[in-house]
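So this one's structure15.tsv, TSV, N, CA and C atoms:
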chain	number	residue	atom	x	y	z
A	1	MET	N	-21.36	51.10	68.50
A	1	MET	CA	-22.76	51.09	68.91
A	1	MET	C	-23.39	49.83	68.35
A	2	ASP	N	-24.06	49.05	69.17
A	2	ASP	CA	-24.66	47.82	68.67
A	2	ASP	C	-25.99	48.11	67.99
A	3	LYS	N	-26.48	47.12	67.24
A	3	LYS	CA	-27.67	47.29	66.42
A	3	LYS	C	-28.87	47.74	67.23
A	4	LEU	N	-28.99	47.28	68.46
A	4	LEU	CA	-30.13	47.65	69.29
A	4	LEU	C	-30.19	49.15	69.52
A	5	ASN	N	-29.06	49.82	69.47
A	5	ASN	CA	-29.04	51.26	69.69
A	5	ASN	C	-29.21	52.08	68.41
A	6	TYR	N	-29.22	51.42	67.26
A	6	TYR	CA	-29.40	52.15	66.01
A	6	TYR	C	-30.73	52.90	66.02
A	7	ALA	N	-31.79	52.25	66.47
A	7	ALA	CA	-33.11	52.88	66.50
A	7	ALA	C	-33.09	54.11	67.40
A	8	ASP	N	-32.46	54.01	68.54
A	8	ASP	CA	-32.38	55.16	69.46
A	8	ASP	C	-31.61	56.32	68.82
A	9	ALA	N	-30.54	56.00	68.11
A	9	ALA	CA	-29.74	57.04	67.46
A	9	ALA	C	-30.56	57.74	66.37
A	10	ILE	N	-31.29	56.97	65.59
A	10	ILE	CA	-32.11	57.55	64.52
A	10	ILE	C	-33.19	58.45	65.12
A	11	LYS	N	-33.84	57.99	66.16
A	11	LYS	CA	-34.89	58.79	66.81
A	11	LYS	C	-34.31	60.07	67.39
A	12	GLN	N	-33.14	59.97	67.98
A	12	GLN	CA	-32.47	61.15	68.55
A	12	GLN	C	-32.20	62.20	67.46
A	13	ILE	N	-31.89	61.73	66.26
A	13	ILE	CA	-31.63	62.64	65.14
A	13	ILE	C	-32.93	63.22	64.58
A	14	LEU	N	-33.96	62.39	64.46
A	14	LEU	CA	-35.20	62.85	63.84
A	14	LEU	C	-35.99	63.84	64.69
A	15	ARG	N	-35.92	63.72	66.00
A	15	ARG	CA	-36.73	64.60	66.87
A	15	ARG	C	-36.45	66.09	66.64
A	16	PRO	N	-35.19	66.54	66.60
A	16	PRO	CA	-34.95	67.97	66.34
A	16	PRO	C	-35.42	68.40	64.94
A	17	HIS	N	-35.34	67.51	63.96
A	17	HIS	CA	-35.83	67.84	62.62
A	17	HIS	C	-37.35	68.02	62.65
A	18	LEU	N	-38.03	67.22	63.45
A	18	LEU	CA	-39.48	67.36	63.62
A	18	LEU	C	-39.81	68.70	64.27
A	19	GLU	N	-39.10	69.04	65.33
A	19	GLU	CA	-39.35	70.31	66.03
A	19	GLU	C	-39.11	71.50	65.10
A	20	TYR	N	-38.06	71.43	64.30
A	20	TYR	CA	-37.77	72.52	63.37
A	20	TYR	C	-38.87	72.63	62.32
A	21	ALA	N	-39.29	71.49	61.76
A	21	ALA	CA	-40.31	71.50	60.71
A	21	ALA	C	-41.66	71.98	61.24
A	22	GLN	N	-41.94	71.74	62.52
A	22	GLN	CA	-43.22	72.14	63.09
A	22	GLN	C	-43.33	73.66	63.28
A	23	GLN	N	-42.26	74.38	63.08
A	23	GLN	CA	-42.32	75.84	63.15
A	23	GLN	C	-43.16	76.41	62.02
A	24	ASP	N	-43.24	75.68	60.91
A	24	ASP	CA	-44.09	76.09	59.79
A	24	ASP	C	-45.51	75.63	60.09
A	25	LYS	N	-46.37	76.56	60.45
A	25	LYS	CA	-47.73	76.22	60.89
A	25	LYS	C	-48.66	75.89	59.73
A	26	THR	N	-48.23	76.14	58.48
A	26	THR	CA	-49.11	75.85	57.35
A	26	THR	C	-49.02	74.39	56.91
A	27	VAL	N	-48.00	73.69	57.37
A	27	VAL	CA	-47.80	72.29	57.00
A	27	VAL	C	-47.72	71.46	58.27
A	28	GLU	N	-48.43	70.34	58.27
A	28	GLU	CA	-48.35	69.41	59.40
A	28	GLU	C	-47.17	68.47	59.16
A	29	THR	N	-46.37	68.29	60.18
A	29	THR	CA	-45.22	67.39	60.07
A	29	THR	C	-45.40	66.26	61.08
A	30	GLU	N	-45.23	65.04	60.59
A	30	GLU	CA	-45.36	63.85	61.43
A	30	GLU	C	-44.07	63.06	61.39
A	31	VAL	N	-43.80	62.39	62.49
A	31	VAL	CA	-42.68	61.47	62.52
A	31	VAL	C	-43.26	60.07	62.73
A	32	ILE	N	-42.72	59.11	62.00
A	32	ILE	CA	-43.19	57.73	62.11
A	32	ILE	C	-42.02	56.87	62.56
A	33	PHE	N	-42.19	56.23	63.70
A	33	PHE	CA	-41.19	55.31	64.23
A	33	PHE	C	-41.78	53.90	64.20
A	34	ASP	N	-41.30	53.05	63.31
A	34	ASP	CA	-41.75	51.66	63.21
A	34	ASP	C	-40.60	50.77	63.68
A	35	ASP	N	-40.53	50.57	64.98
A	35	ASP	CA	-39.43	49.79	65.56
A	35	ASP	C	-39.48	48.33	65.13
A	36	GLU	N	-40.66	47.80	64.93
A	36	GLU	CA	-40.80	46.39	64.55
A	36	GLU	C	-40.14	46.10	63.20
A	37	ARG	N	-40.29	47.02	62.27
A	37	ARG	CA	-39.74	46.84	60.92
A	37	ARG	C	-38.47	47.66	60.67
A	38	GLY	N	-38.07	48.48	61.64
A	38	GLY	CA	-36.86	49.29	61.50
A	38	GLY	C	-36.98	50.42	60.51
A	39	ARG	N	-38.16	51.07	60.48
A	39	ARG	CA	-38.40	52.17	59.53
A	39	ARG	C	-38.71	53.45	60.29
A	40	TYR	N	-38.09	54.55	59.83
A	40	TYR	CA	-38.22	55.84	60.51
A	40	TYR	C	-38.35	56.93	59.46
A	41	LEU	N	-39.48	57.69	59.53
A	41	LEU	CA	-39.77	58.68	58.50
A	41	LEU	C	-40.24	60.00	59.11
A	42	LEU	N	-39.99	61.05	58.37
A	42	LEU	CA	-40.55	62.36	58.67
A	42	LEU	C	-41.42	62.72	57.46
A	43	LEU	N	-42.70	63.06	57.71
A	43	LEU	CA	-43.64	63.37	56.64
A	43	LEU	C	-44.17	64.78	56.76
A	44	ASN	N	-44.35	65.45	55.63
A	44	ASN	CA	-44.99	66.76	55.59
A	44	ASN	C	-46.34	66.59	54.90
A	45	LEU	N	-47.41	67.12	55.52
A	45	LEU	CA	-48.76	67.00	55.00
A	45	LEU	C	-49.48	68.33	55.08
A	46	GLY	N	-50.34	68.60	54.12
A	46	GLY	CA	-51.14	69.82	54.21
A	46	GLY	C	-51.60	70.31	52.87
A	47	TRP	N	-52.06	71.57	52.90
A	47	TRP	CA	-52.54	72.23	51.69
A	47	TRP	C	-52.00	73.65	51.65
A	48	GLU	N	-51.65	74.10	50.47
A	48	GLU	CA	-51.33	75.50	50.23
A	48	GLU	C	-52.26	75.95	49.11
A	49	GLU	N	-53.31	76.65	49.51
A	49	GLU	CA	-54.42	77.00	48.63
A	49	GLU	C	-54.98	75.70	48.04
A	50	GLU	N	-54.94	75.50	46.74
A	50	GLU	CA	-55.47	74.28	46.12
A	50	GLU	C	-54.38	73.24	45.83
A	51	GLN	N	-53.18	73.49	46.32
A	51	GLN	CA	-52.04	72.60	46.07
A	51	GLN	C	-51.83	71.67	47.26
A	52	ARG	N	-51.88	70.36	47.05
A	52	ARG	CA	-51.66	69.37	48.09
A	52	ARG	C	-50.17	69.28	48.40
A	53	ILE	N	-49.87	69.28	49.68
A	53	ILE	CA	-48.49	69.12	50.12
A	53	ILE	C	-48.38	67.74	50.77
A	54	TYR	N	-47.51	66.93	50.23
A	54	TYR	CA	-47.21	65.62	50.80
A	54	TYR	C	-45.78	65.29	50.43
A	55	GLY	N	-44.96	65.11	51.43
A	55	GLY	CA	-43.57	64.81	51.14
A	55	GLY	C	-42.90	64.07	52.29
A	56	CYS	N	-41.87	63.38	51.94
A	56	CYS	CA	-41.10	62.62	52.92
A	56	CYS	C	-39.65	63.09	52.83
A	57	PRO	N	-39.27	64.11	53.63
A	57	PRO	CA	-37.90	64.61	53.55
A	57	PRO	C	-36.85	63.69	54.18
A	58	ILE	N	-37.29	62.82	55.10
A	58	ILE	CA	-36.33	61.90	55.75
A	58	ILE	C	-36.95	60.51	55.81
A	59	HIS	N	-36.20	59.51	55.34
A	59	HIS	CA	-36.62	58.10	55.41
A	59	HIS	C	-35.36	57.28	55.68
A	60	VAL	N	-35.35	56.62	56.84
A	60	VAL	CA	-34.20	55.83	57.26
A	60	VAL	C	-34.70	54.44	57.65
A	61	GLU	N	-33.94	53.40	57.29
A	61	GLU	CA	-34.30	52.03	57.66
A	61	GLU	C	-33.09	51.31	58.24
A	62	ILE	N	-33.38	50.40	59.15
A	62	ILE	CA	-32.36	49.49	59.67
A	62	ILE	C	-32.54	48.18	58.94
A	63	LYS	N	-31.51	47.76	58.21
A	63	LYS	CA	-31.54	46.51	57.46
A	63	LYS	C	-30.33	45.70	57.87
A	64	GLY	N	-30.59	44.58	58.51
A	64	GLY	CA	-29.48	43.77	58.99
A	64	GLY	C	-28.65	44.53	59.99
A	65	GLU	N	-27.38	44.66	59.72
A	65	GLU	CA	-26.46	45.37	60.61
A	65	GLU	C	-26.15	46.78	60.13
A	66	SER	N	-26.94	47.27	59.17
A	66	SER	CA	-26.67	48.57	58.57
A	66	SER	C	-27.86	49.52	58.69
A	67	ILE	N	-27.56	50.80	58.56
A	67	ILE	CA	-28.58	51.84	58.52
A	67	ILE	C	-28.63	52.35	57.08
A	68	TRP	N	-29.78	52.24	56.45
A	68	TRP	CA	-29.98	52.67	55.07
A	68	TRP	C	-30.70	54.01	55.09
A	69	ILE	N	-30.08	55.01	54.51
A	69	ILE	CA	-30.70	56.32	54.39
A	69	ILE	C	-31.35	56.37	53.00
A	70	GLU	N	-32.67	56.21	52.98
A	70	GLU	CA	-33.42	56.13	51.73
A	70	GLU	C	-33.69	57.52	51.15
A	71	ARG	N	-33.88	58.51	52.02
A	71	ARG	CA	-34.12	59.88	51.58
A	71	ARG	C	-33.59	60.82	52.65
A	72	ASP	N	-32.92	61.88	52.20
A	72	ASP	CA	-32.33	62.83	53.14
A	72	ASP	C	-32.32	64.22	52.51
A	73	PHE	N	-33.29	65.04	52.90
A	73	PHE	CA	-33.36	66.42	52.42
A	73	PHE	C	-32.91	67.38	53.52
A	74	THR	N	-31.98	66.95	54.36
A	74	THR	CA	-31.49	67.82	55.43
A	74	THR	C	-30.23	68.54	54.96
A	75	GLU	N	-29.94	69.62	55.63
A	75	GLU	CA	-28.75	70.40	55.28
A	75	GLU	C	-27.46	69.71	55.73
A	76	THR	N	-27.46	69.21	56.95
A	76	THR	CA	-26.24	68.60	57.50
A	76	THR	C	-26.02	67.18	57.02
A	77	GLY	N	-27.08	66.47	56.70
A	77	GLY	CA	-26.98	65.08	56.28
A	77	GLY	C	-27.16	64.13	57.43
A	78	ILE	N	-28.12	63.23	57.29
A	78	ILE	CA	-28.39	62.24	58.33
A	78	ILE	C	-27.15	61.37	58.56
A	79	GLY	N	-26.45	61.01	57.50
A	79	GLY	CA	-25.22	60.22	57.63
A	79	GLY	C	-24.21	60.90	58.53
A	80	ASN	N	-24.01	62.20	58.34
A	80	ASN	CA	-23.07	62.94	59.18
A	80	ASN	C	-23.52	62.96	60.64
A	81	GLU	N	-24.83	63.09	60.84
A	81	GLU	CA	-25.34	63.09	62.21
A	81	GLU	C	-25.18	61.72	62.87
A	82	LEU	N	-25.34	60.66	62.10
A	82	LEU	CA	-25.12	59.30	62.64
A	82	LEU	C	-23.65	59.10	63.00
A	83	ILE	N	-22.76	59.56	62.14
A	83	ILE	CA	-21.32	59.44	62.41
A	83	ILE	C	-20.96	60.21	63.69
A	84	ALA	N	-21.57	61.38	63.88
A	84	ALA	CA	-21.32	62.17	65.09
A	84	ALA	C	-21.78	61.43	66.36
A	85	LEU	N	-22.72	60.49	66.18
A	85	LEU	CA	-23.19	59.68	67.32
A	85	LEU	C	-22.43	58.36	67.42
A	86	SER	N	-21.30	58.26	66.74
A	86	SER	CA	-20.39	57.10	66.79
A	86	SER	C	-20.90	55.87	66.04
A	87	ILE	N	-21.80	56.08	65.07
A	87	ILE	CA	-22.17	54.97	64.19
A	87	ILE	C	-21.04	54.84	63.16
A	88	PRO	N	-20.47	53.65	62.99
A	88	PRO	CA	-19.37	53.49	62.03
A	88	PRO	C	-19.82	53.81	60.60
A	89	LYS	N	-18.97	54.52	59.86
A	89	LYS	CA	-19.28	54.89	58.47
A	89	LYS	C	-19.65	53.67	57.63
A	90	GLU	N	-18.96	52.58	57.86
A	90	GLU	CA	-19.19	51.40	57.03
A	90	GLU	C	-20.55	50.74	57.29
A	91	ARG	N	-21.26	51.19	58.29
A	91	ARG	CA	-22.60	50.68	58.61
A	91	ARG	C	-23.71	51.61	58.10
A	92	ILE	N	-23.32	52.67	57.41
A	92	ILE	CA	-24.28	53.64	56.89
A	92	ILE	C	-24.30	53.53	55.37
A	93	VAL	N	-25.48	53.28	54.82
A	93	VAL	CA	-25.63	53.14	53.37
A	93	VAL	C	-26.46	54.31	52.85
A	94	LEU	N	-25.91	55.03	51.90
A	94	LEU	CA	-26.64	56.14	51.26
A	94	LEU	C	-27.48	55.55	50.13
A	95	ALA	N	-28.62	54.99	50.51
A	95	ALA	CA	-29.46	54.25	49.56
A	95	ALA	C	-30.05	55.15	48.49
A	96	TYR	N	-30.11	56.45	48.73
A	96	TYR	CA	-30.64	57.37	47.73
A	96	TYR	C	-29.62	57.63	46.62
A	97	ARG	N	-28.43	57.12	46.77
A	97	ARG	CA	-27.40	57.20	45.73
A	97	ARG	C	-27.34	55.88	44.98
A	98	SER	N	-26.96	55.92	43.73
A	98	SER	CA	-26.87	54.68	42.95
A	98	SER	C	-25.75	53.81	43.52
A	99	PRO	N	-25.83	52.49	43.31
A	99	PRO	CA	-24.75	51.61	43.80
A	99	PRO	C	-23.38	52.03	43.29
A	100	PHE	N	-23.30	52.54	42.06
A	100	PHE	CA	-22.01	52.98	41.52
A	100	PHE	C	-21.46	54.16	42.33
A	101	VAL	N	-22.30	55.15	42.61
A	101	VAL	CA	-21.84	56.32	43.35
A	101	VAL	C	-21.49	55.93	44.79
A	102	ARG	N	-22.25	55.00	45.37
A	102	ARG	CA	-21.95	54.56	46.74
A	102	ARG	C	-20.55	54.00	46.86
A	103	GLN	N	-20.06	53.36	45.81
A	103	GLN	CA	-18.71	52.80	45.85
A	103	GLN	C	-17.65	53.88	46.00
A	104	LEU	N	-17.97	55.11	45.63
A	104	LEU	CA	-17.02	56.21	45.69
A	104	LEU	C	-16.99	56.90	47.04
A	105	THR	N	-17.92	56.54	47.92
A	105	THR	CA	-17.98	57.15	49.25
A	105	THR	C	-17.17	56.31	50.23
A	106	GLN	N	-16.98	56.85	51.42
A	106	GLN	CA	-16.29	56.11	52.47
A	106	GLN	C	-17.29	55.41	53.38
A	107	GLN	N	-18.53	55.32	52.92
A	107	GLN	CA	-19.56	54.69	53.73
A	107	GLN	C	-19.87	53.31	53.17
A	108	GLY	N	-20.71	52.56	53.87
A	108	GLY	CA	-21.03	51.20	53.47
A	108	GLY	C	-21.70	51.14	52.12
A	109	THR	N	-21.43	50.07	51.38
A	109	THR	CA	-22.11	49.84	50.11
A	109	THR	C	-22.65	48.44	50.12
A	110	ILE	N	-23.89	48.31	49.77
A	110	ILE	CA	-24.52	47.00	49.77
A	110	ILE	C	-25.38	46.89	48.50
A	111	GLY	N	-25.23	45.82	47.80
A	111	GLY	CA	-26.09	45.55	46.66
A	111	GLY	C	-27.10	44.50	47.06
A	112	PRO	N	-28.00	44.14	46.17
A	112	PRO	CA	-29.05	43.19	46.52
A	112	PRO	C	-28.52	41.85	47.01
A	113	ASP	N	-27.43	41.37	46.44
A	113	ASP	CA	-26.92	40.05	46.80
A	113	ASP	C	-25.48	40.08	47.29
A	114	GLN	N	-25.03	41.22	47.78
A	114	GLN	CA	-23.65	41.27	48.22
A	114	GLN	C	-23.55	41.68	49.68
A	115	PRO	N	-22.55	41.20	50.37
A	115	PRO	CA	-22.35	41.60	51.77
A	115	PRO	C	-21.84	43.02	51.85
A	116	LEU	N	-21.84	43.55	53.04
A	116	LEU	CA	-21.33	44.89	53.27
A	116	LEU	C	-19.87	44.95	52.87
A	117	GLN	N	-19.50	45.99	52.14
A	117	GLN	CA	-18.11	46.20	51.74
A	117	GLN	C	-17.68	47.55	52.27
A	118	ILE	N	-16.47	47.63	52.76
A	118	ILE	CA	-15.93	48.91	53.22
A	118	ILE	C	-15.09	49.46	52.09
A	119	VAL	N	-15.43	50.69	51.68
A	119	VAL	CA	-14.68	51.30	50.57
A	119	VAL	C	-13.99	52.55	51.04

Just dump the structure as structure tokens.
Amino acid sequence: MDKLNYADAIKQILRPHLEYAQQDKTVETEVIFDDERGRYLLLNLGWEEEQRIYGCPIHVEIKGESIWIERDFTETGIGNELIALSIPKERIVLAYRSPFVRQLTQQGTIGPDQPLQIV
């Protein structure tokens, strides 16, 4: 899958998560698609009595030729869903994991000044 289709794949994955989250009527759930900057988020907003609810269960970015999963509070895993859509493992970075732990996965690892490495 070429880079131009990464955004479509991410949106395809986020839409069902949005629909599922919207079943909870006490919390507003928004999806943010920023195609210009390659950022895709799911946000939860609302109030439970006097307690403010604000959270970002899913945050994914396209950086260069890779998809960076910054936050993933899903059961199946955004990375697994991307792989199911034929995104190569080596193009998926689990950014919510430390660089050391990323080296132990079969997915892409990228540091601040290093090229993509397949491990």

Return the single residue from A:Ala9, A:Gly38, A:Gln103, A:Leu45 that is closest to A:Glu81, with distances computed using all atoms listed in the file. A:Ala9

Mind listing the strand (DSSP E) residues of stretch 5-74 of chain A, per DSSP on the backbone, as a PyMOL selection string? chain A and resi 27-34+39-48+51-63+66-72

Got time to write the residues from that selection, N, CA and C atoms, as an mmCIF file, in the frame of the given file?
data_model
loop_
_atom_site.group_PDB
_atom_site.id
_atom_site.type_symbol
_atom_site.label_atom_id
_atom_site.label_comp_id
_atom_site.auth_asym_id
_atom_site.auth_seq_id
_atom_site.Cartn_x
_atom_site.Cartn_y
_atom_site.Cartn_z
ATOM 1 N N VAL A 27 -48.000 73.690 57.370
ATOM 2 C CA VAL A 27 -47.800 72.290 57.000
ATOM 3 C C VAL A 27 -47.720 71.460 58.270
ATOM 4 N N GLU A 28 -48.430 70.340 58.270
ATOM 5 C CA GLU A 28 -48.350 69.410 59.400
ATOM 6 C C GLU A 28 -47.170 68.470 59.160
ATOM 7 N N THR A 29 -46.370 68.290 60.180
ATOM 8 C CA THR A 29 -45.220 67.390 60.070
ATOM 9 C C THR A 29 -45.400 66.260 61.080
ATOM 10 N N GLU A 30 -45.230 65.040 60.590
ATOM 11 C CA GLU A 30 -45.360 63.850 61.430
ATOM 12 C C GLU A 30 -44.070 63.060 61.390
ATOM 13 N N VAL A 31 -43.800 62.390 62.490
ATOM 14 C CA VAL A 31 -42.680 61.470 62.520
ATOM 15 C C VAL A 31 -43.260 60.070 62.730
ATOM 16 N N ILE A 32 -42.720 59.110 62.000
ATOM 17 C CA ILE A 32 -43.190 57.730 62.110
ATOM 18 C C ILE A 32 -42.020 56.870 62.560
ATOM 19 N N PHE A 33 -42.190 56.230 63.700
ATOM 20 C CA PHE A 33 -41.190 55.310 64.230
ATOM 21 C C PHE A 33 -41.780 53.900 64.200
ATOM 22 N N ASP A 34 -41.300 53.050 63.310
ATOM 23 C CA ASP A 34 -41.750 51.660 63.210
ATOM 24 C C ASP A 34 -40.600 50.770 63.680
ATOM 25 N N ARG A 39 -38.160 51.070 60.480
ATOM 26 C CA ARG A 39 -38.400 52.170 59.530
ATOM 27 C C ARG A 39 -38.710 53.450 60.290
ATOM 28 N N TYR A 40 -38.090 54.550 59.830
ATOM 29 C CA TYR A 40 -38.220 55.840 60.510
ATOM 30 C C TYR A 40 -38.350 56.930 59.460
ATOM 31 N N LEU A 41 -39.480 57.690 59.530
ATOM 32 C CA LEU A 41 -39.770 58.680 58.500
ATOM 33 C C LEU A 41 -40.240 60.000 59.110
ATOM 34 N N LEU A 42 -39.990 61.050 58.370
ATOM 35 C CA LEU A 42 -40.550 62.360 58.670
ATOM 36 C C LEU A 42 -41.420 62.720 57.460
ATOM 37 N N LEU A 43 -42.700 63.060 57.710
ATOM 38 C CA LEU A 43 -43.640 63.370 56.640
ATOM 39 C C LEU A 43 -44.170 64.780 56.760
ATOM 40 N N ASN A 44 -44.350 65.450 55.630
ATOM 41 C CA ASN A 44 -44.990 66.760 55.590
ATOM 42 C C ASN A 44 -46.340 66.590 54.900
ATOM 43 N N LEU A 45 -47.410 67.120 55.520
ATOM 44 C CA LEU A 45 -48.760 67.000 55.000
ATOM 45 C C LEU A 45 -49.480 68.330 55.080
ATOM 46 N N GLY A 46 -50.340 68.600 54.120
ATOM 47 C CA GLY A 46 -51.140 69.820 54.210
ATOM 48 C C GLY A 46 -51.600 70.310 52.870
ATOM 49 N N TRP A 47 -52.060 71.570 52.900
ATOM 50 C CA TRP A 47 -52.540 72.230 51.690
ATOM 51 C C TRP A 47 -52.000 73.650 51.650
ATOM 52 N N GLU A 48 -51.650 74.100 50.470
ATOM 53 C CA GLU A 48 -51.330 75.500 50.230
ATOM 54 C C GLU A 48 -52.260 75.950 49.110
ATOM 55 N N GLN A 51 -53.180 73.490 46.320
ATOM 56 C CA GLN A 51 -52.040 72.600 46.070
ATOM 57 C C GLN A 51 -51.830 71.670 47.260
ATOM 58 N N ARG A 52 -51.880 70.360 47.050
ATOM 59 C CA ARG A 52 -51.660 69.370 48.090
ATOM 60 C C ARG A 52 -50.170 69.280 48.400
ATOM 61 N N ILE A 53 -49.870 69.280 49.680
ATOM 62 C CA ILE A 53 -48.490 69.120 50.120
ATOM 63 C C ILE A 53 -48.380 67.740 50.770
ATOM 64 N N TYR A 54 -47.510 66.930 50.230
ATOM 65 C CA TYR A 54 -47.210 65.620 50.800
ATOM 66 C C TYR A 54 -45.780 65.290 50.430
ATOM 67 N N GLY A 55 -44.960 65.110 51.430
ATOM 68 C CA GLY A 55 -43.570 64.810 51.140
ATOM 69 C C GLY A 55 -42.900 64.070 52.290
ATOM 70 N N CYS A 56 -41.870 63.380 51.940
ATOM 71 C CA CYS A 56 -41.100 62.620 52.920
ATOM 72 C C CYS A 56 -39.650 63.090 52.830
ATOM 73 N N PRO A 57 -39.270 64.110 53.630
ATOM 74 C CA PRO A 57 -37.900 64.610 53.550
ATOM 75 C C PRO A 57 -36.850 63.690 54.180
ATOM 76 N N ILE A 58 -37.290 62.820 55.100
ATOM 77 C CA ILE A 58 -36.330 61.900 55.750
ATOM 78 C C ILE A 58 -36.950 60.510 55.810
ATOM 79 N N HIS A 59 -36.200 59.510 55.340
ATOM 80 C CA HIS A 59 -36.620 58.100 55.410
ATOM 81 C C HIS A 59 -35.360 57.280 55.680
ATOM 82 N N VAL A 60 -35.350 56.620 56.840
ATOM 83 C CA VAL A 60 -34.200 55.830 57.260
ATOM 84 C C VAL A 60 -34.700 54.440 57.650
ATOM 85 N N GLU A 61 -33.940 53.400 57.290
ATOM 86 C CA GLU A 61 -34.300 52.030 57.660
ATOM 87 C C GLU A 61 -33.090 51.310 58.240
ATOM 88 N N ILE A 62 -33.380 50.400 59.150
ATOM 89 C CA ILE A 62 -32.360 49.490 59.670
ATOM 90 C C ILE A 62 -32.540 48.180 58.940
ATOM 91 N N LYS A 63 -31.510 47.760 58.210
ATOM 92 C CA LYS A 63 -31.540 46.510 57.460
ATOM 93 C C LYS A 63 -30.330 45.700 57.870
ATOM 94 N N SER A 66 -26.940 47.270 59.170
ATOM 95 C CA SER A 66 -26.670 48.570 58.570
ATOM 96 C C SER A 66 -27.860 49.520 58.690
ATOM 97 N N ILE A 67 -27.560 50.800 58.560
ATOM 98 C CA ILE A 67 -28.580 51.840 58.520
ATOM 99 C C ILE A 67 -28.630 52.350 57.080
ATOM 100 N N TRP A 68 -29.780 52.240 56.450
ATOM 101 C CA TRP A 68 -29.980 52.670 55.070
ATOM 102 C C TRP A 68 -30.700 54.010 55.090
ATOM 103 N N ILE A 69 -30.080 55.010 54.510
ATOM 104 C CA ILE A 69 -30.700 56.320 54.390
ATOM 105 C C ILE A 69 -31.350 56.370 53.000
ATOM 106 N N GLU A 70 -32.670 56.210 52.980
ATOM 107 C CA GLU A 70 -33.420 56.130 51.730
ATOM 108 C C GLU A 70 -33.690 57.520 51.150
ATOM 109 N N ARG A 71 -33.880 58.510 52.020
ATOM 110 C CA ARG A 71 -34.120 59.880 51.580
ATOM 111 C C ARG A 71 -33.590 60.820 52.650
ATOM 112 N N ASP A 72 -32.920 61.880 52.200
ATOM 113 C CA ASP A 72 -32.330 62.830 53.140
ATOM 114 C C ASP A 72 -32.320 64.220 52.510
#

For a test of reading the model, state the distance in Å between atom CA of A:Glu70 and atom CA of A:Ile92, rounded to one decimal.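 A separation of 10.8 Å between them.
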
With a distance cut-off of 10 Å and only C-alpha atoms, select the neighbouring residues of A:Ile78, excluding the residue or stretch itself and same-chain residues fewer than 2 positions from it, and output the selection as a PyMOL selection string. chain A and resi 10+13-14+58-60+69+71-76+80-84+92+94

In terms of the shortest atom-to-atom distance over only C-alpha atoms, which of A:Lys11, A:Ser98, A:Ser66, A:Ser86 is closest to A:Asp35?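 Of A:Lys11, A:Ser98, A:Ser66, A:Ser86, the one nearest A:Asp35, counting only C-alpha atoms, is A:Lys11.
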
Looking only at alpha helix (DSSP H) from DSSP on the backbone, list the matching residues of chain A as a list in words. Tyr6, Ala7, Asp8, Ala9, Ile10, Lys11, Gln12, Ile13, Leu14, Arg15, Pro16, His17, Leu18, Glu19, Tyr20, Ala21, Ile78, Gly79, Asn80, Glu81, Leu82, Ile83, Ala84, Pro99, Phe100, Val101 and Arg102 of chain A

Using Å and a single decimal, report how far atom CA of A:Leu41 sits from atom CA of A:Pro99.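 Distance reported for this atom pair: 22.2 Å.
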
Could you jot down the atom CA of A:Pro57 to atom C of A:Leu43 separation for me, Å, one decimal place? 7.0 Å

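The closest residue to A:Leu18, picked from A:Gly55, A:Ile32, A:Arg37, A:Leu42 and counting only C-alpha atoms, is A:Leu42.
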
Which of these residues is nearest to A:His17, using only C-alpha atoms: A:Lys89, A:Trp47, A:Glu30, A:Ile62?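 Once distances to A:His17 are computed over only C-alpha atoms, the minimum belongs to A:Glu30.
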
Within 12 Å of A:Glu36, counting only C-alpha atoms, which residues show up once you throw out same-chain ones fewer than 6 positions away? Write them as a ChimeraX atom specification, please. /A:4,7,61-63
